[in-house]
Structures are given as structure tokens and as C-alpha cells.
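J.: Data: final-v8.pdb, PDB, C-alpha atoms.
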ATOM      1  CA  ARG A 697     -41.431 -52.129 -31.796
ATOM      2  CA  GLN A 698     -43.580 -52.750 -34.845
ATOM      3  CA  THR A 699     -42.923 -55.394 -37.462
ATOM      4  CA  PRO A 700     -43.637 -54.405 -41.076
ATOM      5  CA  ILE A 701     -46.593 -56.230 -42.613
ATOM      6  CA  LYS A 702     -45.426 -58.778 -45.154
ATOM      7  CA  SER A 703     -47.542 -58.900 -48.283
ATOM      8  CA  LYS A 704     -47.085 -60.804 -51.522
ATOM      9  CA  GLN A 705     -48.447 -57.763 -53.337
ATOM     10  CA  SER A 706     -45.969 -55.371 -51.794
ATOM     11  CA  LYS A 707     -43.264 -54.311 -54.241
ATOM     12  CA  PHE A 708     -41.629 -51.726 -52.081
ATOM     13  CA  LYS A 709     -38.566 -51.682 -49.935
ATOM     14  CA  ALA A 710     -39.679 -50.261 -46.620
ATOM     15  CA  ILE A 711     -37.835 -48.240 -44.055
ATOM     16  CA  LYS A 712     -39.060 -47.360 -40.607
ATOM     17  CA  VAL A 713     -37.007 -45.138 -38.374
ATOM     18  CA  ASN A 714     -37.479 -45.423 -34.627
ATOM     19  CA  LEU A 715     -35.177 -42.898 -33.019
ATOM     20  CA  ALA A 716     -36.188 -43.976 -29.533
ATOM     21  CA  ARG A 717     -34.312 -47.227 -30.225
ATOM     22  CA  SER A 718     -31.965 -45.807 -32.879
ATOM     23  CA  SER A 719     -32.880 -48.596 -35.275
ATOM     24  CA  ILE A 720     -33.824 -48.946 -38.901
ATOM     25  CA  ILE A 721     -35.991 -51.685 -40.350
ATOM     26  CA  ARG A 722     -35.765 -52.497 -44.019
ATOM     27  CA  THR A 723     -38.027 -55.280 -45.195
ATOM     28  CA  PRO A 724     -37.054 -58.073 -44.882
ATOM     29  CA  THR A 725     -33.645 -57.340 -43.322
ATOM     30  CA  LEU A 726     -33.168 -55.850 -39.859
ATOM     31  CA  THR A 727     -30.136 -53.658 -39.248
ATOM     32  CA  MET A 728     -29.388 -52.080 -35.879
ATOM     33  CA  ALA A 729     -27.474 -48.799 -35.911
ATOM     34  CA  LYS A 730     -26.409 -47.284 -32.598
ATOM     35  CA  LYS A 731     -25.026 -43.813 -32.224
ATOM     36  CA  LYS A 732     -21.528 -44.058 -30.740
ATOM     37  CA  LYS A 733     -20.553 -40.426 -30.446
ATOM     38  CA  LYS A 734     -22.055 -36.996 -30.663
ATOM     39  CA  SER A 735     -22.215 -35.671 -34.209
ATOM     40  CA  SER A 736     -20.966 -32.212 -34.931
ATOM     41  CA  SER A 737     -22.974 -29.927 -37.183
ATOM     42  CA  SER A 738     -21.950 -26.791 -39.005
ATOM     43  CA  PRO A 739     -24.051 -23.620 -38.429
ATOM     44  CA  LYS A 740     -25.443 -23.999 -41.960
ATOM     45  CA  LYS A 741     -26.575 -27.574 -41.308
ATOM     46  CA  ALA A 742     -27.978 -26.615 -37.900
ATOM     47  CA  ALA A 743     -30.107 -23.959 -39.604
ATOM     48  CA  ARG A 744     -31.537 -26.643 -41.892
ATOM     49  CA  ASN A 745     -32.330 -28.872 -38.906
ATOM     50  CA  PRO A 746     -33.465 -26.613 -36.029
ATOM     51  CA  LEU A 747     -35.254 -29.494 -34.268
ATOM     52  CA  TYR A 748     -31.999 -31.389 -33.791
ATOM     53  CA  GLY A 749     -30.187 -28.161 -32.950
ATOM     54  CA  ALA A 750     -32.638 -27.277 -30.160
ATOM     55  CA  GLN A 751     -32.339 -30.754 -28.653
ATOM     56  CA  GLN A 752     -28.540 -30.603 -28.705
ATOM     57  CA  THR A 753     -28.568 -27.172 -27.083
ATOM     58  CA  PHE A 754     -30.666 -28.548 -24.239
ATOM     59  CA  LEU A 755     -28.488 -31.641 -23.811
ATOM     60  CA  ASN A 756     -25.301 -29.590 -23.843
ATOM     61  CA  SER A 757     -26.666 -27.498 -20.967
ATOM     62  CA  LEU A 758     -26.661 -30.603 -18.730
ATOM     63  CA  SER A 759     -23.800 -32.285 -16.957
ATOM     64  CA  GLU A 760     -22.448 -35.534 -18.362
ATOM     65  CA  ARG A 761     -24.120 -37.509 -15.558
ATOM     66  CA  GLU A 762     -27.470 -35.783 -16.128
ATOM     67  CA  ARG A 763     -27.297 -36.603 -19.824
ATOM     68  CA  ASN A 764     -26.331 -40.241 -19.407
ATOM     69  CA  GLU A 765     -27.538 -41.291 -15.947
ATOM     70  CA  LEU A 766     -30.594 -39.221 -15.071
ATOM     71  CA  PHE A 767     -31.711 -41.717 -12.421
ATOM     72  CA  HIS A 768     -28.325 -41.972 -10.716
ATOM     73  CA  PRO A 769     -28.794 -41.759  -6.900
ATOM     74  CA  GLU A 770     -26.355 -38.849  -6.666
ATOM     75  CA  ILE A 771     -28.679 -36.631  -8.713
ATOM     76  CA  ASP A 772     -30.997 -34.698  -6.436
ATOM     77  CA  PRO A 773     -34.645 -35.841  -6.856
ATOM     78  CA  ASP A 774     -35.866 -32.253  -7.224
ATOM     79  CA  ARG A 775     -33.260 -31.586  -9.916
ATOM     80  CA  ARG A 776     -34.250 -34.806 -11.700
ATOM     81  CA  ALA A 777     -37.931 -33.829 -11.595
ATOM     82  CA  GLN A 778     -37.141 -30.376 -12.979
ATOM     83  CA  LEU A 779     -35.091 -31.797 -15.843
ATOM     84  CA  TRP A 780     -37.863 -34.269 -16.630
ATOM     85  CA  MET A 781     -40.410 -31.455 -16.881
ATOM     86  CA  ASP A 782     -38.030 -29.257 -18.895
ATOM     87  CA  GLN A 783     -37.397 -31.947 -21.498
ATOM     88  CA  ALA A 784     -41.121 -32.734 -21.696
ATOM     89  CA  ASP A 785     -42.025 -29.081 -22.272
ATOM     90  CA  LEU A 786     -39.287 -28.668 -24.870
ATOM     91  CA  GLY A 787     -40.272 -31.904 -26.598
ATOM     92  CA  GLU A 788     -43.930 -30.891 -26.889
ATOM     93  CA  ALA A 789     -43.015 -27.504 -28.351
ATOM     94  CA  LEU A 790     -40.650 -29.053 -30.892
ATOM     95  CA  VAL A 791     -43.166 -31.705 -31.921
ATOM     96  CA  ASN A 792     -45.809 -29.051 -32.542
ATOM     97  CA  GLN A 793     -43.411 -26.931 -34.595
ATOM     98  CA  TYR A 794     -41.367 -29.502 -36.493
ATOM     99  CA  ALA A 795     -41.885 -33.276 -36.347
ATOM    100  CA  TRP A 796     -42.605 -36.270 -34.103
ATOM    101  CA  ALA A 797     -39.136 -37.741 -34.583
ATOM    102  CA  THR A 798     -35.678 -36.242 -34.999
ATOM    103  CA  PRO A 799     -33.639 -36.541 -38.213
ATOM    104  CA  SER A 800     -30.219 -36.657 -36.579
ATOM    105  CA  PRO A 801     -27.101 -36.494 -38.783
ATOM    106  CA  HIS A 802     -26.585 -40.199 -38.044
ATOM    107  CA  ALA A 803     -30.107 -41.107 -39.216
ATOM    108  CA  LEU A 804     -29.783 -38.999 -42.362
ATOM    109  CA  LYS A 805     -26.467 -40.656 -43.208
ATOM    110  CA  ILE A 806     -28.138 -44.073 -43.035
ATOM    111  CA  LEU A 807     -31.158 -42.949 -45.055
ATOM    112  CA  LYS A 808     -28.826 -41.782 -47.806
ATOM    113  CA  GLU A 809     -27.907 -45.428 -48.368
ATOM    114  CA  PHE A 810     -31.561 -46.158 -49.226
ATOM    115  CA  SER A 811     -31.965 -43.340 -51.753
ATOM    116  CA  PRO A 812     -34.088 -42.777 -53.810
ATOM    117  CA  ILE A 813     -36.872 -42.446 -51.219
ATOM    118  CA  VAL A 814     -40.592 -41.677 -51.205
ATOM    119  CA  GLU A 815     -42.203 -40.426 -47.982
ATOM    120  CA  VAL A 816     -45.947 -40.692 -47.401
ATOM    121  CA  GLY A 817     -47.522 -38.503 -44.711
ATOM    122  CA  CYS A 818     -44.673 -35.990 -44.760
ATOM    123  CA  GLY A 819     -46.766 -33.200 -43.207
ATOM    124  CA  ALA A 820     -47.221 -29.611 -44.263
ATOM    125  CA  ASN A 821     -43.622 -28.658 -43.516
ATOM    126  CA  ALA A 822     -42.181 -31.937 -44.837
ATOM    127  CA  TYR A 823     -39.502 -31.732 -42.164
ATOM    128  CA  TRP A 824     -37.797 -35.085 -42.753
ATOM    129  CA  ALA A 825     -38.034 -34.764 -46.542
ATOM    130  CA  SER A 826     -36.539 -31.286 -46.397
ATOM    131  CA  CYS A 827     -33.663 -32.444 -44.173
ATOM    132  CA  MET A 828     -33.026 -35.371 -46.505
ATOM    133  CA  LYS A 829     -33.035 -33.017 -49.481
ATOM    134  CA  GLY A 830     -30.510 -30.840 -47.691
ATOM    135  CA  GLU A 831     -28.192 -33.859 -47.447
ATOM    136  CA  GLY A 832     -28.442 -34.529 -51.159
ATOM    137  CA  ILE A 833     -30.905 -37.415 -50.851
ATOM    138  CA  ASP A 834     -33.290 -38.002 -53.764
ATOM    139  CA  VAL A 835     -36.676 -37.850 -51.982
ATOM    140  CA  ILE A 836     -40.304 -37.207 -52.934
ATOM    141  CA  GLY A 837     -42.881 -36.311 -50.260
ATOM    142  CA  TYR A 838     -46.654 -36.861 -50.226
ATOM    143  CA  ASP A 839     -49.383 -35.704 -47.856
ATOM    144  CA  ILE A 840     -53.184 -35.600 -48.055
ATOM    145  CA  MET A 841     -53.291 -32.005 -46.791
ATOM    146  CA  GLN A 842     -53.841 -29.254 -49.338
ATOM    147  CA  ILE A 843     -50.319 -27.934 -49.718
ATOM    148  CA  ASP A 844     -49.177 -25.158 -52.023
ATOM    149  CA  THR A 845     -45.525 -25.109 -51.016
ATOM    150  CA  GLY A 846     -43.933 -27.756 -48.893
ATOM    151  CA  GLY A 847     -40.706 -28.326 -47.065
ATOM    152  CA  LYS A 848     -40.604 -24.960 -45.312
ATOM    153  CA  ILE A 849     -38.614 -24.947 -42.083
ATOM    154  CA  LYS A 850     -38.395 -21.895 -39.861
ATOM    155  CA  SER A 851     -35.334 -21.199 -37.778
ATOM    156  CA  LYS A 852     -33.743 -18.169 -36.151
ATOM    157  CA  ASN A 853     -31.219 -16.273 -38.226
ATOM    158  CA  GLY A 854     -28.313 -14.309 -36.782
ATOM    159  CA  LYS A 855     -30.586 -11.380 -35.940
ATOM    160  CA  GLY A 856     -33.056 -13.506 -33.994
ATOM    161  CA  LYS A 857     -35.725 -13.345 -36.681
ATOM    162  CA  ASP A 858     -37.463 -16.271 -38.323
ATOM    163  CA  LYS A 859     -35.848 -17.434 -41.542
ATOM    164  CA  THR A 860     -37.543 -19.893 -43.875
ATOM    165  CA  HIS A 861     -35.655 -22.712 -45.594
ATOM    166  CA  ALA A 862     -37.642 -24.198 -48.471
ATOM    167  CA  SER A 863     -36.988 -27.519 -50.162
ATOM    168  CA  GLU A 864     -36.169 -27.605 -53.847
ATOM    169  CA  SER A 865     -39.387 -29.370 -54.787
ATOM    170  CA  LEU A 866     -43.039 -29.085 -53.875
ATOM    171  CA  VAL A 867     -44.697 -31.623 -51.626
ATOM    172  CA  GLN A 868     -47.203 -33.464 -53.742
ATOM    173  CA  HIS A 869     -50.783 -34.120 -52.750
ATOM    174  CA  GLY A 870     -51.432 -37.817 -52.200
ATOM    175  CA  GLY A 871     -51.383 -40.807 -49.879
ATOM    176  CA  PRO A 872     -50.616 -44.542 -50.059
ATOM    177  CA  GLU A 873     -52.123 -44.789 -53.533
ATOM    178  CA  SER A 874     -49.288 -42.595 -54.825
ATOM    179  CA  LEU A 875     -46.791 -45.403 -54.233
ATOM    180  CA  GLU A 876     -47.891 -47.093 -57.455
ATOM    181  CA  LYS A 877     -45.929 -44.397 -59.290
ATOM    182  CA  HIS A 878     -42.739 -44.988 -57.310
ATOM    183  CA  LYS A 879     -42.026 -48.700 -57.259
ATOM    184  CA  ASP A 880     -38.322 -47.994 -57.653
ATOM    185  CA  ARG A 881     -38.109 -45.971 -54.401
ATOM    186  CA  ALA A 882     -37.690 -47.010 -50.774
ATOM    187  CA  LEU A 883     -40.710 -46.167 -48.629
ATOM    188  CA  PHE A 884     -40.109 -43.935 -45.605
ATOM    189  CA  LEU A 885     -42.715 -43.449 -42.849
ATOM    190  CA  CYS A 886     -42.093 -41.085 -39.946
ATOM    191  CA  TYR A 887     -44.000 -42.112 -36.819
ATOM    192  CA  PRO A 888     -46.862 -44.003 -38.552
ATOM    193  CA  ASP A 889     -49.966 -45.180 -36.682
ATOM    194  CA  GLU A 890     -49.052 -47.524 -33.851
ATOM    195  CA  ASP A 891     -52.327 -49.468 -33.765
ATOM    196  CA  GLY A 892     -51.541 -51.427 -36.937
ATOM    197  CA  GLU A 893     -54.254 -49.699 -38.939
ATOM    198  CA  GLY A 894     -54.460 -46.619 -41.100
ATOM    199  CA  MET A 895     -51.978 -45.013 -43.467
ATOM    200  CA  GLY A 896     -48.981 -47.165 -42.519
ATOM    201  CA  GLU A 897     -50.815 -50.413 -43.158
ATOM    202  CA  ASP A 898     -52.282 -49.035 -46.398
ATOM    203  CA  CYS A 899     -48.774 -48.225 -47.625
ATOM    204  CA  PHE A 900     -47.655 -51.819 -47.109
TER     205      PHE A 900
END
Please rewrite the model in this file as C-alpha cells.

T.:
Amino acid sequence: RQTPIKSKQSKFKAIKVNLARSSIIRTPTLTMAKKKKKSSSSPKKAARNPLYGAQQTFLNSLSERERNELFHPEIDPDRRAQLWMDQADLGEALVNQYAWATPSPHALKILKEFSPIVEVGCGANAYWASCMKGEGIDVIGYDIMQIDTGGKIKSKNGKGKDKTHASESLVQHGGPESLEKHKDRALFLCYPDEDGEGMGEDCF
């Protein structure tokens, strides 16, 4: 929905992932990538990406029509309302625990083509950066929060207890100004400010 700000002073390739539209924007070229079929994930990969795993578990609990045609007239209105509330409750919980957007296997495969990457505003758990690292992508994450160890993702192990998966590198403290040190890397922003001001604009 947003168009990257074009600046003569900008020396960075820029990527913006919008999973709601399944698109990727790389300045100045626009490439649309649509998911054609459900991706399969091994248990090991699912453990590294519990956000995606939880969403797939919910979707797999629905019928094919409920997944693809929620507003079909044959779906009972009460059932539709219940599903709408269920997905909203699940989405809020996952956002609070993991990230605002989902690094699906399809998205990570595309991001690998833009490696090496630098992410600004990666958050305390550096969820996207950690998932990228797990796929072998060369990525560096920055956030202005005081972080001692970054890239920690909690998921349930086989015994139902929380298990922490840590990235191989620390998240570094910094913001848009840190990009001066990484002019050879593609810029990745996950769900930047939508009002055209703030960190996203400063990065460009």
C-alpha cells in the first residue's frame, strides 16, 4: 500500500514485505509474488517459526470452504462470526508474543534472494531476523531497545514446556543511523509506520 520514498541520497536497496497482499517491493522494481500452494514444514523448522506454525494449525482446523470462502452464503452466519472472533483472538495473542507479520516459508525463500540483509526495528526477540538466520540468510538486526541477547524465540517442545531458540548473533543497539555501516546490504523493514513518518522514513 505504501510506496518507498525515493531519495537521491539513498544508497540502499529496500525491501518491504506486506504479507496481507503477499508482495515484495524492492526499490525501484516491483515484483509480485503470490503463494500458489501450502508450504510444508518439518517439525524442526516449525519449532523455529512457531508464529507460522500456530497460524497453520488454526487454518488446518477449518474446512476448505471456511479457509477460502469465509463469506460464502452456505456458511452459517453464527459459525462465520465465531471463526472471525477466533482468528482475531489468535492473531492478537501471536502479535503480542512474536511479530506483526508472518515470515512464511515462501516469504523467507524470496528474502534469501536479497541477502545480505540489514533489519532496522527488529524488536527484542528479532523474530524475522532469527527466522532468516535459520534459513541461512546473512542478516544483521538493529533495535533502539536495550538488548543483551536477541533473536530468542519461545516454542513448545515435545514435553509441552517452553524451549528457547536463540539466533547465532546478538541484536545490535541502533536505529536508522546504523545503515551508514551497511551500504552493501538490502534494507528490511517489518511493518514500519504507516503514516509516512518515523523510523521507516528515516531509514530511506

J.: Give as a compact mmCIF listing (two decimals) with C-alpha atoms, in the frame of the given file the residues that the PyMOL selection byres ((chain A and resi 790-806) around 7) matches when applied to the coordinates above.

T.:
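So expr.txt came out as:
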# COMPACT_ATOMS: atom_id res chain seq x y z
CA LEU A 715 -35.18 -42.90 -33.02
CA SER A 735 -22.22 -35.67 -34.21
CA LEU A 747 -35.25 -29.49 -34.27
CA TYR A 748 -32.00 -31.39 -33.79
CA LEU A 786 -39.29 -28.67 -24.87
CA GLY A 787 -40.27 -31.90 -26.60
CA GLU A 788 -43.93 -30.89 -26.89
CA ALA A 789 -43.02 -27.50 -28.35
CA LEU A 807 -31.16 -42.95 -45.06
CA LYS A 808 -28.83 -41.78 -47.81
CA GLU A 809 -27.91 -45.43 -48.37
CA TYR A 823 -39.50 -31.73 -42.16
CA TRP A 824 -37.80 -35.08 -42.75
CA MET A 828 -33.03 -35.37 -46.50
CA CYS A 886 -42.09 -41.08 -39.95
CA TYR A 887 -44.00 -42.11 -36.82

J.: As a check of understanding, name the residues that the PyMOL selection byres ((chain A and resi 893-898) around 10) selects in the supplied structure, as a PyMOL selection string.

T.: chain A and resi 700-701+816-817+871-873+884-892+899-900

J.: Give the centre and edge lengths of an axis-aligned box, in Å to one decimal, that holds all listed atoms of stretch 825-829 of chain A with 4 Å on each side, as lines of an AutoDock Vina configuration file.

T.:
center_x = -35.5
center_y = -33.3
center_z = -46.8
size_x = 13.0
size_y = 12.1
size_z = 13.3

J.: Do a neighbour search on A:Leu779 at 12 Å with all atoms listed in the file, toss out local chain neighbours closer than 5 positions, and write the hits as a PyMOL selection string.

T.: chain A and resi 754-755+757-759+762-763+766-767+771-774+784-787

J.: So how many Å separate atom CA of A:Cys818 and atom CA of A:Asp839, to one decimal?

T.: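 Result for atom CA of A:Cys818 versus atom CA of A:Asp839: 5.6 Å, one decimal.
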
J.: Quick one: distance from atom CA of A:Ala750 to atom CA of A:Val867 in Å, one decimal?

T.: 25.0 Å

J.: Can you measure atom CA of A:Ser874 to atom CA of A:Tyr838 for me? One decimal in Å is fine.

T.: 7.8 Å

J.: Do you know which residues the PyMOL selection byres ((chain A and resi 841) around 9) returns on this file, as a short mmCIF file (atom, residue, chain, number, x, y, z; two decimals) with C-alpha atoms, keeping the file's coordinate frame?

T.:
data_model
loop_
_atom_site.label_atom_id
_atom_site.label_comp_id
_atom_site.auth_asym_id
_atom_site.auth_seq_id
_atom_site.Cartn_x
_atom_site.Cartn_y
_atom_site.Cartn_z
CA GLY A 817 -47.52 -38.50 -44.71
CA GLY A 819 -46.77 -33.20 -43.21
CA ALA A 820 -47.22 -29.61 -44.26
CA TYR A 838 -46.65 -36.86 -50.23
CA ASP A 839 -49.38 -35.70 -47.86
CA ILE A 840 -53.18 -35.60 -48.06
CA GLN A 842 -53.84 -29.25 -49.34
CA ILE A 843 -50.32 -27.93 -49.72
CA HIS A 869 -50.78 -34.12 -52.75
CA GLY A 870 -51.43 -37.82 -52.20
#

J.: Measuring atom to atom with all atoms listed in the file, identify which of A:Leu875, A:Ala825, A:Ala777, A:Ala882 is nearest to A:Ile813.

T.: A:Ala882
